[in-house]
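Peer 1: One file: data-v4.txt (compact mmCIF, C-alpha atoms and all ligand atoms).
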# COMPACT_ATOMS: atom_id res chain seq x y z
CA MET A 263 -4.27 3.84 -10.62
CA CYS A 264 -4.21 4.26 -6.91
CA ARG A 265 -1.37 5.98 -5.10
CA HIS A 266 0.19 4.92 -1.84
CA LEU A 267 2.75 6.08 0.70
CA GLY A 268 4.60 4.52 3.61
CA TYR A 269 6.47 6.44 6.31
CA LEU A 270 8.66 5.33 9.23
CA GLY A 271 10.48 7.81 11.42
CA PRO A 272 10.10 10.29 14.26
CA ALA A 273 6.59 10.53 15.70
CA CYS A 274 4.35 12.88 13.74
CA ALA A 275 0.63 13.43 13.24
CA VAL A 276 -0.88 10.62 11.18
CA SER A 277 -2.13 13.14 8.62
CA GLU A 278 1.26 14.90 8.30
CA PRO A 279 3.03 12.56 5.82
CA VAL A 280 -0.22 12.43 3.86
CA MET A 281 -0.32 16.22 3.51
CA ARG A 282 3.44 16.74 3.14
CA GLY A 283 4.89 18.58 0.10
CA PRO A 284 3.52 20.35 -2.96
CA ARG A 285 2.57 16.97 -4.51
CA SER A 286 1.36 15.27 -1.34
CA LEU A 287 -0.61 12.02 -1.38
CA PHE A 288 -3.60 14.19 -0.47
CA ARG A 289 -3.08 16.25 -3.62
CA GLN A 290 -2.33 13.17 -5.73
CA ALA A 291 -5.94 12.16 -5.09
CA TRP A 292 -7.09 14.76 -7.61
CA ALA A 293 -3.85 15.76 -9.38
CA PRO A 294 -1.60 12.71 -9.78
CA THR A 295 1.25 13.12 -12.26
CA ASP A 296 2.14 9.55 -13.21
CA MET A 297 -1.08 7.55 -13.63
CA ARG A 298 0.01 4.61 -15.78
CA GLY A 299 -2.56 2.12 -16.95
CA GLY A 300 -5.66 4.29 -16.90
CA GLY A 301 -7.57 6.29 -14.31
CA THR A 302 -7.42 10.03 -13.89
CA ILE A 303 -8.15 10.77 -10.24
CA ASN A 304 -8.12 8.78 -7.02
CA ALA A 305 -11.54 9.65 -5.64
CA ASP A 306 -12.89 6.20 -4.71
CA GLY A 307 -11.93 6.39 -1.07
CA PHE A 308 -8.77 6.30 0.98
CA GLY A 309 -7.25 4.74 4.04
CA VAL A 310 -4.49 5.28 6.57
CA ALA A 311 -2.97 2.69 8.87
CA TRP A 312 -0.56 3.71 11.59
CA TRP A 313 1.64 2.32 14.30
CA ALA A 314 2.00 4.07 17.61
CA SER A 315 3.68 1.45 19.74
CA ALA A 316 4.75 3.91 22.41
CA GLU A 317 1.13 4.63 23.26
CA TRP A 318 -0.29 1.12 23.09
CA ALA A 319 0.60 -2.13 24.75
CA ASP A 320 0.64 -4.05 21.47
CA ALA A 321 2.16 -3.34 18.08
CA ALA A 322 -1.05 -3.68 16.06
CA ALA A 323 -1.67 -1.35 13.14
CA ARG A 324 -4.54 1.07 13.77
CA ARG A 325 -6.58 2.22 10.80
CA TYR A 326 -9.12 4.64 9.37
CA ARG A 327 -10.75 4.12 5.95
CA SER A 328 -13.51 5.86 4.05
CA ALA A 329 -15.17 5.40 0.67
CA ALA A 330 -15.31 9.19 0.29
CA PRO A 331 -12.64 11.16 -1.60
CA ILE A 332 -9.88 12.06 0.86
CA TRP A 333 -10.38 15.81 0.31
CA THR A 334 -14.00 15.62 1.46
CA ASP A 335 -13.47 13.76 4.74
CA PRO A 336 -13.18 16.00 7.83
CA ALA A 337 -11.55 13.14 9.74
CA VAL A 338 -8.27 13.99 8.00
CA PRO A 339 -7.86 17.54 9.36
CA GLU A 340 -9.95 17.06 12.51
CA VAL A 341 -9.02 13.59 13.80
CA LEU A 342 -5.97 12.18 12.01
CA SER A 343 -4.10 15.39 12.75
CA GLN A 344 -4.54 14.66 16.49
CA ILE A 345 -3.01 11.17 16.51
CA GLN A 346 0.75 10.63 16.74
CA ALA A 347 2.48 7.73 15.05
CA THR A 348 5.99 6.56 14.20
CA GLY A 349 4.81 4.79 11.05
CA ILE A 350 2.00 5.15 8.56
CA LEU A 351 0.78 3.44 5.41
CA ALA A 352 -1.75 5.45 3.41
CA ALA A 353 -3.54 4.99 0.09
CA VAL A 354 -5.95 6.88 -2.15
CA ARG A 355 -8.05 4.69 -4.44
CA SER A 356 -9.11 4.75 -8.07
CA ALA A 357 -11.31 1.64 -8.25
CA THR A 358 -10.60 -0.69 -11.16
CA VAL A 359 -13.60 -0.83 -13.52
CA GLY A 360 -16.04 -3.46 -12.27
CA MET A 361 -14.78 -3.46 -8.69
CA PRO A 362 -16.98 -2.16 -5.88
CA VAL A 363 -16.56 1.35 -4.49
CA GLU A 364 -16.92 0.75 -0.77
CA ARG A 365 -15.00 1.26 2.42
CA SER A 366 -14.00 -2.39 2.76
CA ALA A 367 -12.27 -2.23 -0.65
CA CYS A 368 -10.00 0.64 0.40
CA ALA A 369 -6.39 -0.07 1.33
CA PRO A 370 -4.67 -0.41 3.70
CA PHE A 371 -5.81 -3.89 4.60
CA THR A 372 -4.66 -4.80 8.09
CA HIS A 373 -4.20 -7.80 10.35
CA GLY A 374 -2.38 -7.56 13.68
CA LYS A 375 0.84 -5.62 13.11
CA TRP A 376 0.57 -5.89 9.30
CA ALA A 377 -0.78 -3.29 6.89
CA PHE A 378 -0.92 -3.73 3.10
CA SER A 379 -1.69 -1.69 0.00
CA HIS A 380 -1.87 -2.62 -3.68
CA ASN A 381 -1.56 -0.25 -6.63
CA GLY A 382 -2.44 -2.03 -9.87
CA VAL A 383 -4.72 -4.75 -11.18
CA VAL A 384 -4.86 -8.53 -11.51
CA PRO A 385 -6.71 -9.39 -14.73
CA GLU A 386 -9.33 -12.10 -14.13
CA TRP A 387 -8.42 -12.05 -10.46
CA ARG A 388 -10.99 -14.64 -9.37
CA LYS A 389 -9.50 -17.25 -11.68
CA THR A 390 -5.89 -16.33 -10.92
CA VAL A 391 -6.24 -16.06 -7.16
CA GLY A 392 -8.51 -19.12 -7.04
CA ALA A 393 -5.82 -21.22 -8.72
CA ILE A 394 -3.08 -19.94 -6.38
CA ALA A 395 -5.30 -20.42 -3.31
CA ALA A 396 -6.01 -24.01 -4.32
CA ASP A 397 -2.29 -24.62 -4.77
CA LEU A 398 -1.29 -23.08 -1.43
CA GLY A 399 -4.16 -24.59 0.55
CA ASN A 400 -5.54 -23.17 3.79
CA ILE A 401 -7.13 -20.18 2.06
CA ASP A 402 -10.88 -19.59 2.03
CA LEU A 403 -11.88 -17.05 -0.61
CA LEU A 404 -15.07 -16.49 1.41
CA ASP A 405 -12.78 -14.63 3.84
CA LEU A 406 -12.35 -11.85 1.28
CA GLU A 407 -13.10 -8.50 2.83
CA ALA A 408 -14.18 -7.05 -0.53
CA ALA A 409 -14.70 -8.47 -4.02
CA THR A 410 -11.50 -6.93 -5.37
CA ASP A 411 -8.14 -8.14 -6.63
CA SER A 412 -6.38 -6.18 -3.85
CA ALA A 413 -8.36 -7.87 -1.06
CA ALA A 414 -7.63 -11.23 -2.71
CA LEU A 415 -3.90 -10.45 -2.89
CA TRP A 416 -4.01 -9.62 0.81
CA LEU A 417 -5.41 -13.10 1.56
CA LEU A 418 -2.59 -14.67 -0.45
CA LEU A 419 0.02 -12.51 1.22
CA GLN A 420 -1.23 -13.30 4.72
CA ARG A 421 -0.93 -16.98 3.90
CA ALA A 422 2.61 -16.42 2.57
CA LEU A 423 3.56 -14.40 5.68
CA THR A 424 3.29 -17.49 7.83
CA THR A 425 6.92 -18.16 6.77
CA ASP A 426 8.08 -15.08 8.77
CA ASP A 427 10.19 -13.83 5.86
CA ALA A 428 8.20 -10.85 4.63
CA LYS A 429 10.37 -10.11 1.60
CA ALA A 430 10.15 -13.72 0.43
CA ALA A 431 6.38 -13.67 1.02
CA VAL A 432 5.89 -10.55 -1.08
CA VAL A 433 8.06 -11.89 -3.91
CA ASP A 434 6.31 -15.26 -3.77
CA VAL A 435 2.90 -13.64 -4.24
CA VAL A 436 4.13 -11.49 -7.15
CA GLU A 437 5.78 -14.46 -8.87
CA ARG A 438 2.77 -16.71 -8.47
CA VAL A 439 0.40 -14.06 -9.82
CA VAL A 440 2.50 -13.07 -12.84
CA SER A 441 3.13 -16.71 -13.76
CA LEU A 442 -0.63 -17.05 -14.30
CA ALA A 443 -1.47 -13.46 -15.27
CA PRO A 444 1.59 -11.92 -16.98
CA ASP A 445 -0.21 -8.59 -17.48
CA ALA A 446 -0.83 -8.17 -13.75
CA ARG A 447 0.27 -4.83 -12.30
CA LEU A 448 1.56 -5.33 -8.81
CA ASN A 449 2.92 -2.41 -6.86
CA LEU A 450 2.57 -3.71 -3.32
CA VAL A 451 3.51 -2.09 -0.01
CA LEU A 452 3.59 -4.07 3.23
CA GLY A 453 4.50 -2.65 6.63
CA ASP A 454 4.75 -3.84 10.23
CA GLY A 455 5.63 -0.53 11.89
CA GLU A 456 9.36 -1.33 11.83
CA GLN A 457 10.00 -1.95 8.15
CA LEU A 458 8.39 -1.50 4.76
CA TRP A 459 8.53 -3.99 1.93
CA ALA A 460 7.42 -2.86 -1.52
CA THR A 461 7.41 -4.01 -5.12
CA THR A 462 7.34 -2.28 -8.46
CA TYR A 463 5.56 -4.17 -11.16
CA TYR A 464 4.47 -1.66 -13.80
CA HIS A 465 3.68 1.38 -11.64
CA SER A 466 6.07 4.04 -10.34
CA LEU A 467 7.65 4.10 -6.87
CA SER A 468 10.18 6.42 -5.23
CA VAL A 469 11.99 6.31 -1.91
CA LEU A 470 13.41 9.07 0.29
CA VAL A 471 15.62 7.70 3.03
CA ASP A 472 17.90 9.29 5.64
CA ASP A 473 19.24 8.16 8.99
CA ALA A 474 16.07 9.12 10.86
CA SER A 475 13.25 8.29 8.49
CA VAL A 476 12.11 6.66 5.28
CA CYS A 477 9.31 7.45 2.90
CA VAL A 478 8.14 5.13 0.12
CA ALA A 479 5.69 6.75 -2.32
CA SER A 480 4.07 6.17 -5.71
CA GLU A 481 5.18 9.72 -6.56
CA PRO A 482 7.72 12.00 -4.83
CA TYR A 483 5.78 14.61 -2.85
CA ASP A 484 8.43 17.32 -3.44
CA ASP A 485 11.52 18.19 -5.52
CA ASN A 486 14.08 16.92 -3.03
CA PRO A 487 16.89 15.50 -5.26
CA ALA A 488 17.41 12.68 -2.75
CA TRP A 489 14.29 10.83 -3.95
CA GLN A 490 15.35 7.57 -5.61
CA ALA A 491 13.18 6.21 -8.42
CA ILE A 492 12.91 2.44 -8.02
CA PRO A 493 13.30 0.47 -11.28
CA ASP A 494 10.44 -1.65 -12.50
CA ARG A 495 10.27 -5.28 -11.28
CA SER A 496 12.03 -4.63 -7.99
CA VAL A 497 11.45 -5.54 -4.40
CA ILE A 498 12.67 -3.14 -1.74
CA VAL A 499 13.15 -3.36 2.00
CA ALA A 500 13.20 0.00 3.75
CA ARG A 501 13.50 1.42 7.25
CA PRO A 502 15.15 4.56 8.62
CA GLY A 503 18.76 4.60 7.42
CA TYR A 504 18.32 1.46 5.32
CA LEU A 505 17.22 0.61 1.80
CA THR A 506 17.83 -2.46 -0.35
CA VAL A 507 16.60 -2.80 -3.92
CA GLU A 508 16.63 -6.17 -5.67
CA GLN A 509 15.29 -7.32 -9.00
CA ILE A 510 12.36 -9.72 -8.93
N1 LIG B 1 -7.51 -2.94 -8.42
C1 LIG B 1 -7.47 -2.28 -7.15
C2 LIG B 1 -8.82 -1.73 -6.74
O1 LIG B 1 -9.73 -1.66 -7.52
C3 LIG B 1 -6.43 -1.19 -7.14
C4 LIG B 1 -6.80 -0.08 -8.08
C5 LIG B 1 -5.70 0.84 -8.46
O2 LIG B 1 -4.50 0.63 -8.25
N2 LIG B 1 -6.13 1.85 -9.12
O3 LIG B 1 -8.97 -1.38 -5.61
Re-express the file's structure as structure tokens.
Peer 2:
Amino acid sequence: MCRHLGYLGPACAVSEPVMRGPRSLFRQAWAPTDMRGGGTINADGFGVAWWASAEWADAAARRYRSAAPIWTDPAVPEVLSQIQATGILAAVRSATVGMPVERSACAPFTHGKWAFSHNGVVPEWRKTVGAIAADLGNIDLLDLEAATDSAALWLLLQRALTTDDAKAAVVDVVERVVSLAPDARLNLVLGDGEQLWATTYYHSLSVLVDDASVCVASEPYDDNPAWQAIPDRSVIVARPGYLTVEQI
């Protein structure tokens, strides 16, 4: 299953947190260590969103995605290494069987300041998301960017984010999905450049936090003993110097 990583902290090259450590996200694309629920490598594309508010007038997330395996794309060493950011959200993809392998299906999904990634699967996602969309109202499934469960979750989450409470929105989406599809696997990461919100629902997640920075990752990228493994069925809120973990 896909792997993802969120970083907030001192400005660095966009590619740096992606390449960081002996088990970097970059390396996890072909050598992941904790692939629960099937899949062996994450070669069906990748994406990186970043926030660089000092350079730009607005706080919107910028993004690069590609359907190519991350290790084959020269944009990583040649372009993303040239851009500075104070926050990134990155993902490498192992497409769920039956879902399209295309750029538009690669996380992160973005809208304005928001960036979102999903690691997992929603069984029978059309039925599940269709029922939730009908219940919530104001959602047009024709707006889906790609015919995947992750893109559909992003539509639901954007609708839920209209409440302005991002943690509640993330939990609401998880609870609605698992009430209809109890086998759903829902490791979500949402960021706005200032904070990260993430859930564990079946897949692994670890956090490394200190006063200056925070990193949220499917797998620790190094052996630093300060990595905290997040228990299953949790929602976390993280920013530099701050981490809360609550059960869902
Ligand atoms: N189901 C999602 C997709 O196909 C995520 C896949 C994953 O986590 N491996 O894009």
Peer 1: For ligand LIG 1 (chain B), which residue out of A:Asn381, A:Ser286, A:Ser480, A:Asn400 is the nearest one, using only C-alpha atoms and all ligand atoms?
Peer 2: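 So, comparing all the options, the nearest one is A:Asn381.
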Peer 1: How many Å separate atom CA of A:Asp484 from atom CA of A:Arg282?
Peer 2: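 Spanning atom CA of A:Asp484 to atom CA of A:Arg282 is a straight-line distance of 8.3 Å.
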Peer 1: Which residues, written as a ChimeraX atom specification, have at least one atom at most 7 Å from A:Trp459, with all atoms listed in the file counted and residues fewer than 2 positions away on the same chain left out?
Peer 2: /A:429,451-453,457,498-500
Peer 1: Measuring atom to atom with only C-alpha atoms and all ligand atoms, identify which of A:Cys274, A:Ala393, A:Val359, A:Met281 is nearest to ligand LIG 1 (chain B).
Peer 2: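 Nearest candidate to ligand LIG 1 (chain B) out of A:Cys274, A:Ala393, A:Val359, A:Met281: A:Val359.
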Peer 1: From the options A:Arg324, A:Arg365, A:Arg265, A:His380, which residue's atoms come nearest to A:Ala291, counting only C-alpha atoms?
Peer 2: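 Going through A:Arg324, A:Arg365, A:Arg265, A:His380 one by one, the smallest distance to A:Ala291 is for A:Arg265.
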Peer 1: Counting only C-alpha atoms, figure out which residue out of A:Ile510, A:Ala443, A:Ala377, A:Ala396 gets nearest to A:Leu419.
Peer 2: A:Ala377
